[in-house]
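Enquirer: Data: query16.txt, compact mmCIF, C-alpha atoms.
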```txt
# COMPACT_ATOMS: atom_id res chain seq x y z
CA MET A 1 17.24 -31.08 34.16
CA LYS A 2 16.26 -27.71 32.62
CA LYS A 3 19.84 -27.33 31.40
CA ASN A 4 19.63 -30.67 29.56
CA TRP A 5 16.36 -29.68 27.83
CA LEU A 6 17.87 -26.38 26.81
CA LEU A 7 20.93 -28.15 25.37
CA LEU A 8 18.73 -30.65 23.51
CA THR A 9 16.57 -27.81 22.12
CA MET A 10 19.64 -25.88 20.99
CA PHE A 11 21.12 -29.05 19.44
CA CYS A 12 17.90 -29.69 17.46
CA LEU A 13 17.71 -26.07 16.33
CA LEU A 14 21.33 -26.01 15.17
CA THR A 15 20.93 -29.38 13.44
CA GLY A 16 17.94 -27.98 11.53
CA VAL A 17 19.86 -24.85 10.53
CA PHE A 18 22.91 -26.79 9.38
CA TYR A 19 20.76 -29.29 7.50
CA SER A 20 18.84 -26.55 5.70
CA CYS A 21 22.09 -24.81 4.76
CA LYS A 22 23.25 -27.97 2.97
CA GLN A 23 20.15 -28.21 0.76
CA LYS A 24 21.01 -28.31 -2.95
CA GLU A 25 18.61 -25.54 -3.99
CA PRO A 26 20.27 -22.14 -3.68
CA VAL A 27 18.53 -19.69 -1.40
CA LYS A 28 17.65 -16.50 -3.22
CA LYS A 29 19.20 -13.59 -1.38
CA GLU A 30 17.03 -10.71 -2.52
CA VAL A 31 13.58 -10.08 -3.92
CA VAL A 32 13.66 -8.40 -7.34
CA ILE A 33 10.64 -6.58 -8.77
CA ALA A 34 10.78 -5.05 -12.26
CA ILE A 35 8.57 -2.12 -13.19
CA ILE A 36 7.79 -1.48 -16.86
CA PRO A 37 5.99 1.82 -17.57
CA LYS A 38 4.48 2.44 -21.00
CA VAL A 39 7.31 4.79 -21.86
CA ASP A 40 10.18 6.66 -20.21
CA ASN A 41 8.24 9.85 -19.54
CA PHE A 42 8.03 12.38 -16.71
CA ILE A 43 4.42 11.26 -16.14
CA PHE A 44 5.84 8.12 -14.50
CA ASP A 45 8.52 9.91 -12.43
CA GLN A 46 6.40 9.87 -9.27
CA VAL A 47 5.77 6.13 -9.70
CA LYS A 48 9.51 5.55 -10.08
CA GLN A 49 10.41 7.68 -7.07
CA SER A 50 7.78 6.05 -4.84
CA ALA A 51 8.81 2.56 -5.98
CA MET A 52 12.47 3.20 -5.21
CA GLU A 53 11.67 4.66 -1.77
CA THR A 54 9.38 1.75 -0.91
CA ALA A 55 11.95 -0.79 -2.13
CA LYS A 56 14.53 0.73 0.19
CA GLU A 57 12.10 0.57 3.13
CA LEU A 58 11.25 -3.08 2.39
CA GLY A 59 14.80 -4.14 1.65
CA ILE A 60 14.04 -5.36 -1.87
CA VAL A 61 15.43 -4.51 -5.30
CA VAL A 62 13.34 -2.62 -7.85
CA THR A 63 14.50 -2.25 -11.43
CA TRP A 64 12.99 0.39 -13.72
CA GLU A 65 12.71 -0.98 -17.26
CA ALA A 66 11.34 1.92 -19.31
CA PRO A 67 11.07 1.82 -23.11
CA THR A 68 12.20 5.05 -24.76
CA SER A 69 9.11 5.15 -26.97
CA ILE A 70 5.59 3.73 -26.91
CA ASP A 71 6.60 0.32 -28.18
CA THR A 72 4.67 -2.87 -27.38
CA LYS A 73 7.34 -4.98 -29.06
CA LYS A 74 9.93 -3.55 -26.66
CA GLN A 75 7.67 -4.28 -23.67
CA LYS A 76 7.37 -7.91 -24.85
CA GLU A 77 11.14 -8.12 -25.17
CA LEU A 78 11.59 -6.72 -21.66
CA ILE A 79 9.18 -9.31 -20.22
CA GLU A 80 11.06 -12.12 -22.03
CA ASN A 81 14.37 -10.87 -20.58
CA LEU A 82 12.89 -10.63 -17.09
CA ILE A 83 11.62 -14.22 -17.36
CA HIS A 84 15.16 -15.26 -18.33
CA TYR A 85 16.60 -13.41 -15.30
CA LYS A 86 13.94 -14.99 -13.05
CA VAL A 87 12.81 -11.84 -11.30
CA ASP A 88 10.23 -12.32 -8.55
CA GLY A 89 7.64 -9.91 -9.89
CA ILE A 90 6.74 -7.63 -12.78
CA LEU A 91 4.53 -4.56 -12.62
CA ILE A 92 3.63 -3.24 -16.07
CA SER A 93 1.61 -0.42 -17.63
CA CYS A 94 0.57 -2.04 -20.92
CA ASN A 95 0.86 -0.25 -24.25
CA ASP A 96 -1.41 -2.87 -25.81
CA ALA A 97 -3.46 -5.18 -23.59
CA MET A 98 -4.05 -7.90 -26.17
CA ALA A 99 -0.53 -7.89 -27.63
CA LEU A 100 1.02 -8.31 -24.15
CA LYS A 101 -1.44 -10.92 -22.90
CA GLU A 102 0.64 -13.96 -23.88
CA SER A 103 3.89 -12.47 -22.55
CA ILE A 104 2.22 -11.76 -19.21
CA ASN A 105 0.78 -15.29 -19.15
CA GLU A 106 4.22 -16.73 -19.97
CA ALA A 107 5.75 -14.86 -17.03
CA MET A 108 3.01 -16.15 -14.73
CA ARG A 109 3.64 -19.74 -15.94
CA ALA A 110 7.32 -19.20 -15.13
CA GLY A 111 6.33 -18.45 -11.52
CA ILE A 112 6.74 -14.68 -11.77
CA LYS A 113 3.94 -12.69 -10.18
CA VAL A 114 2.64 -10.06 -12.62
CA GLY A 115 0.47 -7.06 -11.86
CA THR A 116 -0.60 -4.16 -14.03
CA PHE A 117 -0.84 -0.48 -13.21
CA ASP A 118 -2.23 2.53 -15.03
CA SER A 119 -3.07 0.53 -18.19
CA ASP A 120 -4.40 -3.00 -17.69
CA SER A 121 -4.41 -6.28 -19.59
CA PRO A 122 -7.67 -7.56 -18.13
CA THR A 123 -7.88 -10.84 -20.07
CA SER A 124 -4.35 -11.90 -19.10
CA ASP A 125 -3.50 -14.04 -16.08
CA ARG A 126 -2.09 -11.05 -14.17
CA ILE A 127 -2.91 -11.21 -10.46
CA PHE A 128 -4.01 -7.61 -9.94
CA TYR A 129 -4.57 -4.19 -11.51
CA ILE A 130 -3.95 -0.88 -9.76
CA GLY A 131 -5.38 2.15 -11.46
CA THR A 132 -8.22 4.44 -12.27
CA ASP A 133 -11.72 3.60 -13.38
CA ASN A 134 -10.77 5.08 -16.74
CA LYS A 135 -14.22 5.06 -18.33
CA LYS A 136 -15.62 6.97 -15.35
CA ALA A 137 -12.66 9.37 -15.41
CA GLY A 138 -13.22 10.09 -19.12
CA LYS A 139 -16.90 10.74 -18.54
CA ILE A 140 -16.20 13.08 -15.60
CA CYS A 141 -13.66 14.95 -17.74
CA ALA A 142 -16.21 15.46 -20.52
CA GLU A 143 -18.97 16.49 -18.10
CA THR A 144 -16.62 18.99 -16.46
CA MET A 145 -15.67 20.42 -19.84
CA LEU A 146 -19.32 20.69 -20.87
CA GLY A 147 -20.05 22.44 -17.57
CA LEU A 148 -17.32 24.98 -18.28
CA PHE A 149 -18.71 25.60 -21.77
CA GLU A 150 -22.18 26.07 -20.29
CA LYS A 151 -20.86 28.45 -17.64
CA ALA A 152 -19.17 30.49 -20.38
CA GLN A 153 -22.40 30.32 -22.41
CA LYS A 154 -20.62 28.67 -25.34
CA LYS A 155 -21.22 25.51 -27.31
CA PRO A 156 -18.37 23.52 -28.80
CA ASP A 157 -18.60 22.92 -32.55
CA GLN A 158 -15.89 20.30 -32.58
CA ILE A 159 -13.72 18.62 -29.98
CA ILE A 160 -10.34 17.08 -30.67
CA ILE A 161 -8.92 14.53 -28.23
CA LEU A 162 -5.14 14.24 -27.87
CA SER A 163 -4.09 10.81 -26.66
CA GLY A 164 -0.82 9.06 -25.95
CA GLY A 165 -1.45 5.65 -27.47
CA VAL A 166 -3.96 4.07 -29.78
CA SER A 167 -3.93 0.61 -28.17
CA ALA A 168 -3.47 1.36 -24.47
CA GLN A 169 -6.39 0.02 -22.44
CA ASN A 170 -6.54 3.09 -20.19
CA MET A 171 -6.72 5.46 -23.17
CA THR A 172 -9.40 3.53 -25.02
CA GLU A 173 -11.49 3.36 -21.83
CA ARG A 174 -11.06 7.10 -21.11
CA ILE A 175 -12.05 8.01 -24.66
CA SER A 176 -15.07 5.72 -24.41
CA GLY A 177 -16.14 7.45 -21.19
CA PHE A 178 -15.52 10.86 -22.73
CA ARG A 179 -17.59 9.98 -25.80
CA SER A 180 -20.45 8.69 -23.65
CA ALA A 181 -21.00 12.19 -22.25
CA PHE A 182 -21.46 13.47 -25.82
CA ASN A 183 -23.59 10.59 -27.06
CA ASN A 184 -20.82 10.05 -29.66
CA GLY A 185 -21.45 13.46 -31.23
CA LYS A 186 -19.30 16.60 -31.58
CA ILE A 187 -15.96 14.81 -31.37
CA ALA A 188 -14.26 15.67 -34.64
CA GLN A 189 -11.16 13.52 -34.33
CA ILE A 190 -8.74 11.83 -32.02
CA LEU A 191 -5.03 12.61 -32.40
CA TYR A 192 -2.31 10.26 -31.16
```
Is it possible to express this structure as structure tokens?

Expert:
Amino acid sequence: MKKNWLLLTMFCLLTGVFYSCKQKEPVKKEVVIAIIPKVDNFIFDQVKQSAMETAKELGIVVTWEAPTSIDTKKQKELIENLIHYKVDGILISCNDAMALKESINEAMRAGIKVGTFDSDSPTSDRIFYIGTDNKKAGKICAETMLGLFEKAQKKPDQIIILSGGVSAQNMTERISGFRSAFNNGKIAQILY
């Protein structure tokens, strides 16, 4: 009797497997995640290395889609191409939060999961952000610098901030935090 139940169970299992194999929708063989940093720069090398190592451990494919310059238009183009190729996910560090909002939303509508890292697009439909509290980081940086000036018994006449991008959310937040420590005084200019 047990033998008959086992045969019936195996028959049902095999019938289910064969039936599912004949479904018309193709089964996707691998998960593909695309990562788009702000720019192809050594600052993102650790992110790239960690992503590739993790992809190997998880058995997924990660593509690194890095613009050669800080170019929001290129990031938009990359997202459009990734929508066309139907990747499973996109992780992006945004050069311009507002300019990329609609492209991110379009990818989400296409069923692609989108997250941001390093530089967010907070008003987009992205599902998560991984990064620093940039305003707090900027304030801590300024307070540390002021502490060093105080320790050296010096006062800064002017401060110049060097920044990577004028529209990047993380940079604008860091500068805002930095300025808050100075009450918007003593910062002569910001260079990009």

Enquirer: Write out as a PyMOL selection string which residues come within 9 Å of Thr116 of chain A when counting only C-alpha atoms, dropping same-chain ones fewer than 5 positions away.

Expert: chain A and resi 90-94+121-122+126-131

Enquirer: From the options A:Ile160, A:Ile112, A:Ala66, A:Ile60, which residue's atoms come nearest to Pro37 of chain A, counting all atoms listed in the file?

Expert: A:Ala66

Enquirer: Atom CA of Glu143 of chain A and atom CA of Ala181 of chain A are how many Å apart?

Expert: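 Taking atom CA of Glu143 of chain A as the start and atom CA of Ala181 of chain A as the end point, the length is 6.3 Å.
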
Enquirer: Identify which of the residues A:Glu53, A:Asp96, A:Asp118, A:Glu65 lies closest to Asn81 of chain A, counting only C-alpha atoms when measuring atom-to-atom distances.

Expert: A:Glu65

Enquirer: Which polymer residues have any atom within 9 Å of an atom of Ala137 of chain A, counting only C-alpha atoms, with same-chain residues fewer than 6 positions away left out, as a list in words?

Expert: Glu173, Arg174, Gly177 and Phe178 of chain A

Enquirer: Can I get the selection written as a PDB file, keeping the file's coordinate frame, with C-alpha atoms?

Expert:
```
ATOM      1  CA  GLU A 173     -11.490   3.360 -21.830  1.00  0.00           C
ATOM      2  CA  ARG A 174     -11.060   7.100 -21.110  1.00  0.00           C
ATOM      3  CA  GLY A 177     -16.140   7.450 -21.190  1.00  0.00           C
ATOM      4  CA  PHE A 178     -15.520  10.860 -22.730  1.00  0.00           C
TER       5      PHE A 178
END
```

Enquirer: With all atoms listed in the file as the counted atoms, please give the residues lying no more than 10 Å from segment 69-76 of chain A, apart from itself and same-chain residues fewer than 2 positions off, as a ChimeraX atom specification.

Expert: /A:36-41,65-67,78-82,92-97,99-104,164-168

Enquirer: Looking at only C-alpha atoms, which of A:Asp125, A:Glu77, A:Glu150, A:Asp88 is the one that sits closest to Ile33 of chain A?

Expert: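 Between A:Asp125, A:Glu77, A:Glu150, A:Asp88, the residue approaching Ile33 of chain A most closely is A:Asp88.
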